[in-house]
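Novice: Got a structure for you, structure-v8.csv, holding CSV, C-alpha atoms.
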```
chain,number,residue,atom,x,y,z
I,101,MET,CA,210.6,72.2,-159.1
I,102,PRO,CA,207.6,71.8,-156.8
I,103,GLU,CA,208.2,72.7,-153.2
I,104,THR,CA,207.1,70.5,-150.3
I,105,LEU,CA,205.6,72.0,-147.1
I,106,LYS,CA,205.7,69.9,-144.0
I,107,ILE,CA,202.7,70.2,-141.6
I,108,SER,CA,202.0,68.8,-138.1
I,109,THR,CA,198.4,68.6,-137.0
I,110,HIS,CA,197.3,68.3,-133.5
I,111,SER,CA,193.6,67.3,-133.5
I,112,ARG,CA,191.4,64.8,-135.5
I,113,SER,CA,189.8,67.7,-137.4
I,114,GLU,CA,191.7,71.0,-137.9
I,115,MET,CA,192.2,73.7,-140.5
I,116,ILE,CA,195.7,75.3,-140.8
I,117,ASP,CA,196.3,78.5,-142.7
I,118,LEU,CA,199.1,78.0,-145.2
I,119,THR,CA,198.8,81.3,-147.1
I,120,VAL,CA,202.0,82.8,-145.9
I,121,ARG,CA,204.0,79.6,-146.7
I,122,ILE,CA,202.4,79.3,-150.1
I,123,GLN,CA,203.2,83.0,-150.9
I,124,ARG,CA,206.8,82.2,-149.9
I,125,ALA,CA,206.9,79.3,-152.4
I,126,VAL,CA,205.6,81.8,-155.0
I,127,ASP,CA,208.4,84.2,-154.0
I,128,ALA,CA,211.0,81.4,-154.2
I,129,SER,CA,209.8,80.4,-157.7
I,130,GLY,CA,210.5,83.8,-159.2
I,131,VAL,CA,207.2,83.5,-161.1
I,132,LYS,CA,205.6,86.9,-161.6
I,133,ASN,CA,202.5,86.0,-163.6
I,134,GLY,CA,201.0,82.6,-163.6
I,135,ALA,CA,199.3,80.2,-161.2
I,136,ALA,CA,200.1,78.3,-158.0
I,137,VAL,CA,198.8,74.8,-157.6
I,138,ALA,CA,198.8,73.4,-154.0
I,139,TYR,CA,198.3,69.7,-153.9
I,140,CYS,CA,197.5,67.4,-150.9
I,141,PRO,CA,198.9,63.8,-151.4
I,142,HIS,CA,196.8,62.3,-148.6
I,143,THR,CA,193.4,60.6,-148.7
I,144,THR,CA,192.0,61.8,-145.4
I,145,ALA,CA,192.9,65.5,-145.7
I,146,GLY,CA,192.3,68.2,-148.2
I,147,LEU,CA,192.8,71.9,-149.2
I,148,THR,CA,190.2,74.7,-149.3
I,149,ILE,CA,190.0,78.5,-149.5
I,150,ASN,CA,187.9,80.4,-147.0
I,151,GLU,CA,187.9,83.2,-144.4
I,152,ASN,CA,190.7,83.4,-141.8
I,153,ALA,CA,189.6,86.7,-140.1
I,154,ASP,CA,187.1,85.1,-137.7
I,155,PRO,CA,188.3,81.7,-136.5
I,156,SER,CA,184.7,80.7,-135.9
I,157,VAL,CA,184.3,80.3,-139.7
I,158,VAL,CA,186.8,77.4,-139.5
I,159,SER,CA,185.1,75.8,-136.5
I,160,ASP,CA,181.7,76.2,-138.2
I,161,ILE,CA,183.0,74.4,-141.3
I,162,LEU,CA,184.5,71.6,-139.4
I,163,GLU,CA,181.4,71.1,-137.1
I,164,THR,CA,179.1,71.2,-140.1
I,165,LEU,CA,181.1,68.5,-141.8
I,166,ASP,CA,181.0,66.4,-138.6
I,167,LYS,CA,177.3,66.7,-138.5
I,168,LEU,CA,176.9,65.7,-142.2
I,169,ILE,CA,179.5,62.9,-142.1
I,170,PRO,CA,179.6,61.5,-138.5
I,171,TRP,CA,182.8,59.7,-137.4
I,172,GLN,CA,180.7,56.5,-136.7
I,173,ALA,CA,177.9,55.6,-139.2
I,174,GLY,CA,178.1,52.0,-140.0
I,175,TYR,CA,181.0,52.4,-142.5
I,176,LYS,CA,182.7,49.3,-143.9
I,177,HIS,CA,186.3,50.6,-144.1
I,178,SER,CA,188.2,48.6,-141.5
I,179,GLU,CA,190.6,51.4,-140.5
I,180,GLY,CA,187.7,53.3,-138.9
I,181,ASN,CA,188.4,56.6,-140.7
I,182,ALA,CA,185.9,56.4,-143.5
I,183,ALA,CA,184.4,59.7,-142.6
I,184,ALA,CA,187.8,61.4,-143.2
I,185,HIS,CA,187.9,59.8,-146.7
I,186,VAL,CA,184.5,61.1,-147.5
I,187,LYS,CA,185.3,64.6,-146.3
I,188,ALA,CA,188.5,64.6,-148.4
I,189,SER,CA,186.6,63.9,-151.6
I,190,LEU,CA,184.0,66.6,-150.8
I,191,ILE,CA,186.6,69.3,-149.9
I,192,GLY,CA,189.0,68.4,-152.7
I,193,GLU,CA,192.7,67.7,-152.8
I,194,SER,CA,194.0,70.7,-154.6
I,195,VAL,CA,193.5,74.5,-155.0
I,196,THR,CA,194.6,76.7,-157.9
I,197,VAL,CA,195.3,80.4,-157.2
I,198,LEU,CA,196.4,82.8,-159.9
I,199,VAL,CA,199.6,84.8,-159.4
I,200,GLN,CA,200.0,88.4,-160.6
I,201,GLU,CA,203.1,90.6,-160.1
I,202,GLY,CA,204.4,87.8,-157.8
I,203,ARG,CA,201.4,87.9,-155.5
I,204,LEU,CA,198.7,85.2,-154.9
I,205,MET,CA,195.5,86.8,-156.3
I,206,LEU,CA,193.4,86.0,-153.2
I,207,GLY,CA,190.3,88.0,-152.3
I,208,THR,CA,190.4,90.3,-149.3
I,209,TRP,CA,189.0,87.6,-146.9
I,210,GLN,CA,190.6,84.5,-148.5
I,211,ALA,CA,193.2,82.3,-147.0
I,212,ILE,CA,194.4,78.8,-148.1
I,213,PHE,CA,193.8,76.1,-145.5
I,214,PHE,CA,195.1,72.6,-145.1
I,215,CYS,CA,192.1,70.5,-143.8
I,216,GLU,CA,193.0,67.7,-141.5
I,217,PHE,CA,190.3,65.1,-141.1
I,218,ASP,CA,192.1,62.2,-139.4
I,219,GLY,CA,194.8,63.7,-137.2
I,220,PRO,CA,197.0,64.2,-135.4
I,221,ARG,CA,199.6,63.3,-138.1
I,222,ASN,CA,202.6,64.6,-139.9
I,223,ARG,CA,201.4,65.7,-143.4
I,224,GLN,CA,202.8,67.5,-146.4
I,225,ILE,CA,201.6,69.7,-149.2
I,226,ILE,CA,203.2,70.1,-152.6
I,227,VAL,CA,203.2,73.6,-154.2
I,228,SER,CA,204.0,74.2,-157.9
I,229,VAL,CA,204.1,77.7,-159.4
I,230,LYS,CA,204.2,78.3,-163.2
X,149,MET,CA,196.5,67.5,-177.9
X,150,PRO,CA,194.2,66.4,-175.0
X,151,GLU,CA,193.5,62.6,-175.0
X,152,THR,CA,190.0,61.1,-174.5
X,153,LEU,CA,189.5,58.1,-172.4
X,154,LYS,CA,186.3,56.0,-173.0
X,155,ILE,CA,184.6,54.5,-169.9
X,156,SER,CA,181.6,52.1,-169.6
X,157,THR,CA,179.8,52.1,-166.3
X,158,HIS,CA,177.6,49.3,-165.0
X,159,SER,CA,175.7,50.7,-162.0
X,160,ARG,CA,173.8,53.8,-161.1
X,161,SER,CA,176.7,54.8,-158.7
X,162,GLU,CA,180.2,53.5,-159.2
X,163,MET,CA,183.8,54.7,-158.9
X,164,ILE,CA,186.3,53.5,-161.5
X,165,ASP,CA,190.0,53.8,-160.9
X,166,LEU,CA,191.6,55.6,-163.9
X,167,THR,CA,195.1,56.0,-162.5
X,168,VAL,CA,196.8,53.6,-164.9
X,169,ARG,CA,195.1,55.1,-168.0
X,170,ILE,CA,195.9,58.7,-166.9
X,171,GLN,CA,199.6,57.7,-166.3
X,172,ARG,CA,199.6,56.3,-169.8
X,173,ALA,CA,198.3,59.6,-171.1
X,174,VAL,CA,201.2,61.3,-169.3
X,175,ASP,CA,203.7,58.8,-170.8
X,176,ALA,CA,202.2,59.5,-174.3
X,177,SER,CA,202.4,63.2,-173.9
X,178,GLY,CA,206.2,63.1,-173.3
X,179,VAL,CA,205.9,65.7,-170.6
X,180,LYS,CA,208.4,65.2,-167.8
X,181,ASN,CA,207.6,68.1,-165.4
X,182,GLY,CA,204.3,69.8,-165.4
X,183,ALA,CA,200.7,68.9,-164.6
X,184,ALA,CA,197.9,66.6,-165.8
X,185,VAL,CA,194.3,67.9,-165.8
X,186,ALA,CA,191.6,65.3,-166.1
X,187,TYR,CA,188.2,66.7,-167.0
X,188,CYS,CA,184.7,65.2,-167.0
X,189,PRO,CA,182.4,66.6,-169.7
X,190,HIS,CA,179.3,65.2,-168.0
X,191,THR,CA,176.8,66.8,-165.6
X,192,THR,CA,175.9,63.7,-163.6
X,193,ALA,CA,179.4,62.3,-163.0
X,194,GLY,CA,182.7,63.7,-161.6
X,195,LEU,CA,186.3,63.0,-160.8
X,196,THR,CA,187.9,62.6,-157.4
X,197,ILE,CA,191.1,61.3,-155.8
X,198,ASN,CA,190.9,58.9,-152.9
X,199,GLU,CA,192.2,55.5,-151.6
X,200,ASN,CA,192.0,52.4,-153.8
X,201,ALA,CA,193.8,49.9,-151.5
X,202,ASP,CA,190.6,49.0,-149.6
X,203,PRO,CA,187.5,48.9,-151.9
X,204,SER,CA,185.3,49.6,-148.9
X,205,VAL,CA,186.5,53.2,-149.0
X,206,VAL,CA,184.8,53.7,-152.3
X,207,SER,CA,181.6,52.0,-151.2
X,208,ASP,CA,181.6,54.1,-148.0
X,209,ILE,CA,181.9,57.3,-150.1
X,210,LEU,CA,179.1,56.3,-152.5
X,211,GLU,CA,176.8,55.2,-149.7
X,212,THR,CA,177.4,58.4,-147.7
X,213,LEU,CA,176.6,60.5,-150.7
X,214,ASP,CA,173.4,58.5,-151.2
X,215,LYS,CA,172.4,59.1,-147.6
X,216,LEU,CA,173.1,62.9,-147.9
X,217,ILE,CA,171.5,63.3,-151.3
X,218,PRO,CA,168.8,60.6,-151.7
X,219,TRP,CA,167.7,59.6,-155.2
X,220,GLN,CA,164.1,60.7,-154.5
X,221,ALA,CA,163.6,63.8,-152.4
X,222,GLY,CA,160.9,66.0,-154.1
X,223,TYR,CA,163.3,67.3,-156.8
X,224,LYS,CA,161.9,69.4,-159.6
X,225,HIS,CA,164.2,68.2,-162.5
X,226,SER,CA,161.9,66.2,-164.8
X,227,GLU,CA,164.6,63.7,-165.8
X,228,GLY,CA,164.6,62.2,-162.3
X,229,ASN,CA,168.3,62.3,-161.9
X,230,ALA,CA,168.6,65.6,-159.9
X,231,ALA,CA,170.6,63.8,-157.1
X,232,ALA,CA,173.3,62.9,-159.6
X,233,HIS,CA,173.6,66.5,-160.7
X,234,VAL,CA,174.0,67.6,-157.1
X,235,LYS,CA,176.6,65.0,-156.4
X,236,ALA,CA,178.5,66.1,-159.5
X,237,SER,CA,178.8,69.6,-158.3
X,238,LEU,CA,179.9,68.5,-154.8
X,239,ILE,CA,182.6,66.1,-156.1
X,240,GLY,CA,183.8,68.3,-158.9
X,241,GLU,CA,184.4,67.9,-162.6
X,242,SER,CA,188.2,68.0,-162.7
X,243,VAL,CA,191.3,67.0,-160.9
X,244,THR,CA,194.8,68.5,-161.4
X,245,VAL,CA,197.8,66.3,-160.5
X,246,LEU,CA,201.4,67.5,-160.7
X,247,VAL,CA,203.9,65.5,-162.9
X,248,GLN,CA,207.5,65.1,-162.0
X,249,GLU,CA,210.0,63.0,-164.0
X,250,GLY,CA,207.2,61.7,-166.1
X,251,ARG,CA,205.2,60.4,-163.1
X,252,LEU,CA,201.9,61.6,-161.6
X,253,MET,CA,202.8,62.9,-158.1
X,254,LEU,CA,200.1,61.0,-156.3
X,255,GLY,CA,200.5,60.1,-152.6
X,256,THR,CA,201.1,56.5,-151.6
X,257,TRP,CA,197.4,55.7,-151.1
X,258,GLN,CA,195.9,58.0,-153.8
X,259,ALA,CA,194.2,56.9,-157.0
X,260,ILE,CA,192.2,59.0,-159.5
X,261,PHE,CA,188.5,57.8,-159.8
X,262,PHE,CA,185.8,58.5,-162.3
X,263,CYS,CA,182.6,58.9,-160.3
X,264,GLU,CA,179.4,57.7,-162.0
X,265,PHE,CA,176.2,59.0,-160.4
X,266,ASP,CA,173.6,58.2,-163.1
X,267,GLY,CA,174.7,55.0,-164.8
X,268,PRO,CA,175.0,52.7,-166.4
X,269,ARG,CA,176.3,54.8,-169.4
X,270,ASN,CA,179.1,55.3,-171.8
X,271,ARG,CA,181.2,58.1,-170.6
X,272,GLN,CA,184.5,59.9,-171.4
X,273,ILE,CA,187.2,61.8,-169.7
X,274,ILE,CA,189.5,64.3,-171.3
X,275,VAL,CA,193.2,64.4,-170.2
X,276,SER,CA,195.6,67.2,-170.9
X,277,VAL,CA,199.2,67.2,-169.8
X,278,LYS,CA,201.5,70.3,-170.0
U,13,MET,CA,196.5,89.4,-168.1
U,14,PRO,CA,193.6,87.8,-166.2
U,15,GLU,CA,190.3,89.4,-167.0
U,16,THR,CA,187.7,90.4,-164.3
U,17,LEU,CA,184.0,89.8,-164.8
U,18,LYS,CA,181.6,91.8,-162.7
U,19,ILE,CA,178.5,90.1,-161.4
U,20,SER,CA,175.4,91.5,-159.6
U,21,THR,CA,173.3,88.9,-157.7
U,22,HIS,CA,169.7,89.4,-156.6
U,23,SER,CA,168.9,86.7,-154.1
U,24,ARG,CA,170.6,85.0,-151.1
U,25,SER,CA,171.2,81.8,-153.2
U,26,GLU,CA,171.5,82.0,-156.9
U,27,MET,CA,173.4,80.4,-159.8
U,28,ILE,CA,174.3,82.6,-162.7
U,29,ASP,CA,175.5,81.1,-166.1
U,30,LEU,CA,178.9,82.7,-167.0
U,31,THR,CA,179.7,80.4,-170.0
U,32,VAL,CA,179.2,83.1,-172.7
U,33,ARG,CA,181.3,85.6,-170.8
U,34,ILE,CA,184.1,83.1,-170.1
U,35,GLN,CA,184.1,82.1,-173.7
U,36,ARG,CA,184.5,85.8,-174.6
U,37,ALA,CA,187.5,86.0,-172.3
U,38,VAL,CA,189.0,83.0,-174.1
U,39,ASP,CA,188.4,84.8,-177.5
U,40,ALA,CA,190.0,88.0,-176.2
U,41,SER,CA,193.0,86.0,-174.9
U,42,GLY,CA,193.8,84.7,-178.4
U,43,VAL,CA,194.7,81.3,-176.8
U,44,LYS,CA,193.8,78.5,-179.2
U,45,ASN,CA,194.9,75.4,-177.2
U,46,GLY,CA,195.3,75.6,-173.4
U,47,ALA,CA,193.1,76.0,-170.4
U,48,ALA,CA,190.9,78.6,-168.8
U,49,VAL,CA,190.9,79.0,-165.0
U,50,ALA,CA,187.9,80.9,-163.5
U,51,TYR,CA,188.5,81.9,-159.9
U,52,CYS,CA,186.1,83.3,-157.3
U,53,PRO,CA,187.8,85.7,-154.9
U,54,HIS,CA,184.9,85.5,-152.3
U,55,THR,CA,184.4,83.3,-149.3
U,56,THR,CA,180.6,83.0,-149.5
U,57,ALA,CA,180.3,82.2,-153.2
U,58,GLY,CA,181.9,79.6,-155.6
U,59,LEU,CA,182.0,78.3,-159.1
U,60,THR,CA,180.7,75.0,-160.5
U,61,ILE,CA,179.9,73.3,-163.8
U,62,ASN,CA,176.4,71.7,-164.3
U,63,GLU,CA,173.4,71.7,-166.6
U,64,ASN,CA,171.8,74.9,-167.9
U,65,ALA,CA,169.2,73.3,-170.2
U,66,ASP,CA,166.6,72.7,-167.5
U,67,PRO,CA,166.6,75.5,-164.9
U,68,SER,CA,165.2,73.1,-162.3
U,69,VAL,CA,168.6,71.5,-162.1
U,70,VAL,CA,169.9,74.7,-160.6
U,71,SER,CA,167.0,75.1,-158.2
U,72,ASP,CA,167.4,71.4,-157.1
U,73,ILE,CA,171.1,72.0,-156.4
U,74,LEU,CA,170.5,75.2,-154.4
U,75,GLU,CA,167.6,73.6,-152.4
U,76,THR,CA,169.6,70.5,-151.6
U,77,LEU,CA,172.4,72.6,-150.3
U,78,ASP,CA,170.0,74.5,-148.2
U,79,LYS,CA,168.6,71.3,-146.7
U,80,LEU,CA,172.1,70.0,-145.9
U,81,ILE,CA,173.5,73.3,-144.6
U,82,PRO,CA,170.6,75.3,-143.1
U,83,TRP,CA,171.0,79.0,-142.8
U,84,GLN,CA,170.4,78.8,-139.0
U,85,ALA,CA,172.0,75.9,-137.2
U,86,GLY,CA,173.8,77.1,-134.1
U,87,TYR,CA,176.8,78.5,-135.9
U,88,LYS,CA,179.3,80.6,-134.1
U,89,HIS,CA,180.3,83.0,-136.8
U,90,SER,CA,179.0,86.4,-135.7
U,91,GLU,CA,178.1,87.7,-139.2
U,92,GLY,CA,175.3,85.1,-139.5
U,93,ASN,CA,176.4,83.7,-142.9
U,94,ALA,CA,178.3,80.6,-141.8
U,95,ALA,CA,176.2,78.4,-144.0
U,96,ALA,CA,177.4,80.4,-147.0
U,97,HIS,CA,181.0,79.8,-146.0
U,98,VAL,CA,180.5,76.1,-145.7
U,99,LYS,CA,178.8,75.9,-149.1
U,100,ALA,CA,181.6,77.8,-150.7
U,101,SER,CA,184.2,75.2,-149.4
U,102,LEU,CA,182.1,72.3,-150.6
U,103,ILE,CA,181.4,73.8,-154.1
U,104,GLY,CA,184.9,75.1,-154.6
U,105,GLU,CA,186.3,78.5,-155.6
U,106,SER,CA,187.7,77.7,-159.1
U,107,VAL,CA,187.0,75.7,-162.2
U,108,THR,CA,189.5,74.7,-164.9
U,109,VAL,CA,188.2,74.0,-168.4
U,110,LEU,CA,190.4,72.9,-171.3
U,111,VAL,CA,190.5,75.1,-174.5
U,112,GLN,CA,190.8,73.6,-178.0
U,113,GLU,CA,190.8,75.5,-181.2
U,114,GLY,CA,189.8,78.6,-179.2
U,115,ARG,CA,186.7,76.9,-177.7
U,116,LEU,CA,186.0,75.9,-174.1
U,117,MET,CA,185.9,72.0,-174.2
U,118,LEU,CA,182.6,71.8,-172.2
U,119,GLY,CA,180.3,68.8,-172.6
U,120,THR,CA,177.0,69.1,-174.4
U,121,TRP,CA,175.0,69.9,-171.3
U,122,GLN,CA,177.7,71.8,-169.3
U,123,ALA,CA,177.7,75.4,-168.4
U,124,ILE,CA,179.9,77.3,-165.9
U,125,PHE,CA,177.9,78.8,-163.0
U,126,PHE,CA,178.8,81.5,-160.5
U,127,CYS,CA,177.2,80.3,-157.2
U,128,GLU,CA,176.0,83.1,-154.8
U,129,PHE,CA,175.4,81.8,-151.3
U,130,ASP,CA,175.1,85.2,-149.4
U,131,GLY,CA,173.5,87.7,-151.8
U,132,PRO,CA,172.4,90.0,-153.1
U,133,ARG,CA,175.8,91.5,-153.6
U,134,ASN,CA,178.2,92.8,-156.3
U,135,ARG,CA,180.8,90.1,-157.0
U,136,GLN,CA,183.6,89.4,-159.4
U,137,ILE,CA,185.3,86.4,-161.1
U,138,ILE,CA,188.8,86.4,-162.4
U,139,VAL,CA,189.5,84.5,-165.7
U,140,SER,CA,192.9,83.5,-166.8
U,141,VAL,CA,193.6,81.7,-170.1
U,142,LYS,CA,196.9,80.1,-171.0
```
Would you encode the structure as structure tokens?
Specialist:
Amino acid sequence: MPETLKISTHSRSEMIDLTVRIQRAVDASGVKNGAAVAYCPHTTAGLTINENADPSVVSDILETLDKLIPWQAGYKHSEGNAAAHVKASLIGESVTVLVQEGRLMLGTWQAIFFCEFDGPRNRQIIVSVK
Amino acid sequence: MPETLKISTHSRSEMIDLTVRIQRAVDASGVKNGAAVAYCPHTTAGLTINENADPSVVSDILETLDKLIPWQAGYKHSEGNAAAHVKASLIGESVTVLVQEGRLMLGTWQAIFFCEFDGPRNRQIIVSVK
Amino acid sequence: MPETLKISTHSRSEMIDLTVRIQRAVDASGVKNGAAVAYCPHTTAGLTINENADPSVVSDILETLDKLIPWQAGYKHSEGNAAAHVKASLIGESVTVLVQEGRLMLGTWQAIFFCEFDGPRNRQIIVSVK
């Protein structure tokens, strides 16, 4: 059974490290060798893997996305959050991480981040381990 | 056996909602709990998940990509469609969607889109459900 | 057991065709029908699928990314390679390719590329076939 993680975001743009919670979902699954898929069921948010050691990596990613895809830029979408939709498609809605001996096979500097592009909101992520 | 979906595109840039066809492939597979992988075997097209309720979301995505990656920009690729290749790598060539009780676990507003970046053409998508 | 491919890069930005090596990992796995996941455990590199017939496609991709995400742009990350982190999140850290009759189901023009964004370095890719 896939597991659902609940997330509360507090800013318009924000990256939240979910690595520990996704590792717990791997533990709960009992899977020793396989893969974890984390899936974002939202259209103005996404998932990515990047560095969590220096928090300025996350702020550089979010600021660069803001420069490339400004919040206001003559978009047609009437809800006013078109930029968040574009960012979601560029970052992607899922990540797949291999699991070996019950551990996510992440690189030394890698963490799995939920990317909020239209917060603050209550969000969720679905995690399936097989 | 993976299933092949045939697609005809009618513009240079276009997003086509494949959700119903991919759900049918899930139905035909008989898989109740697992995941569907949709794969684009082309290098100037891709797959993404985003909102289909307001069609202006799709046009905002395509126009923003055109602004970021203009069709003409001193590219070296002799076929003249370098912009489409760049967009394909940014959007990605596959999506993975979990399946539960025989249904794609898409969020309320999510649809799976084929992204044409160098049409019009005849294209195909491969869908595997396990 | 996932297989590890070792890669040496020679420039700051570089795309290296891994298709033959990933097909060999599929051969070694003995899997006839399934999927290969290639995973990049680094935060300043990624994996993508694009054309390898004309090498100018690769140079156009790398140059367009450099224009969009310049190496110097007032980033805060103290290591000086923030641009590489942003590119990694946009390109993505994994690719999934279906396998049928023991062959990667790549399109005619598709190849799987390791994308170096902060080289030269020694890198690795993990390949799992199921």
Novice: Provide as a PyMOL selection string the residues of chain I at most 10 Å from chain U, counting all atoms listed in the file.
Specialist: chain I and resi 133-135+147-152+154-165+167-168+187+189-192+195-200+205-211
Novice: What does the structure give for the distance between CA of Ile107 (chain I) and CA of Cys263 (chain X), in Å to one decimal?
Specialist: 29.7 Å
Novice: Expressed in Å to a single decimal, how great is the separation between CA of Asp127 (chain I) and CA of Phe213 (chain I)?
Specialist: 18.7 Å
Novice: Could you give me, as a PyMOL selection string, the residues within 8 Å of Val38 (chain U), counting all atoms listed in the file and dropping anything in the same chain fewer than 3 positions from it?
Specialist: chain U and resi 34-35+41-43+48+114-116+141
Novice: So the first atom is CA of Ile164 (chain X) and the second is CA of Ala201 (chain X); what is the distance between them in Å, to one decimal place?
Specialist: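 Computing it gives 13.0 Å between the two atoms.
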Novice: Measuring atom to atom with only C-alpha atoms, identify which of X:Asp214, X:Glu249, X:Asp266, X:Gly194 is nearest to His158 (chain X).
Specialist: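 Closest residue, counting only C-alpha atoms: X:Asp266.
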Novice: Show me as a PyMOL selection string the residues that reach within 10 Å of (180.4, 52.9, -164.3), counting all atoms listed in the file and using the file's own coordinates.
Specialist: chain X and resi 155-164+193+262-271
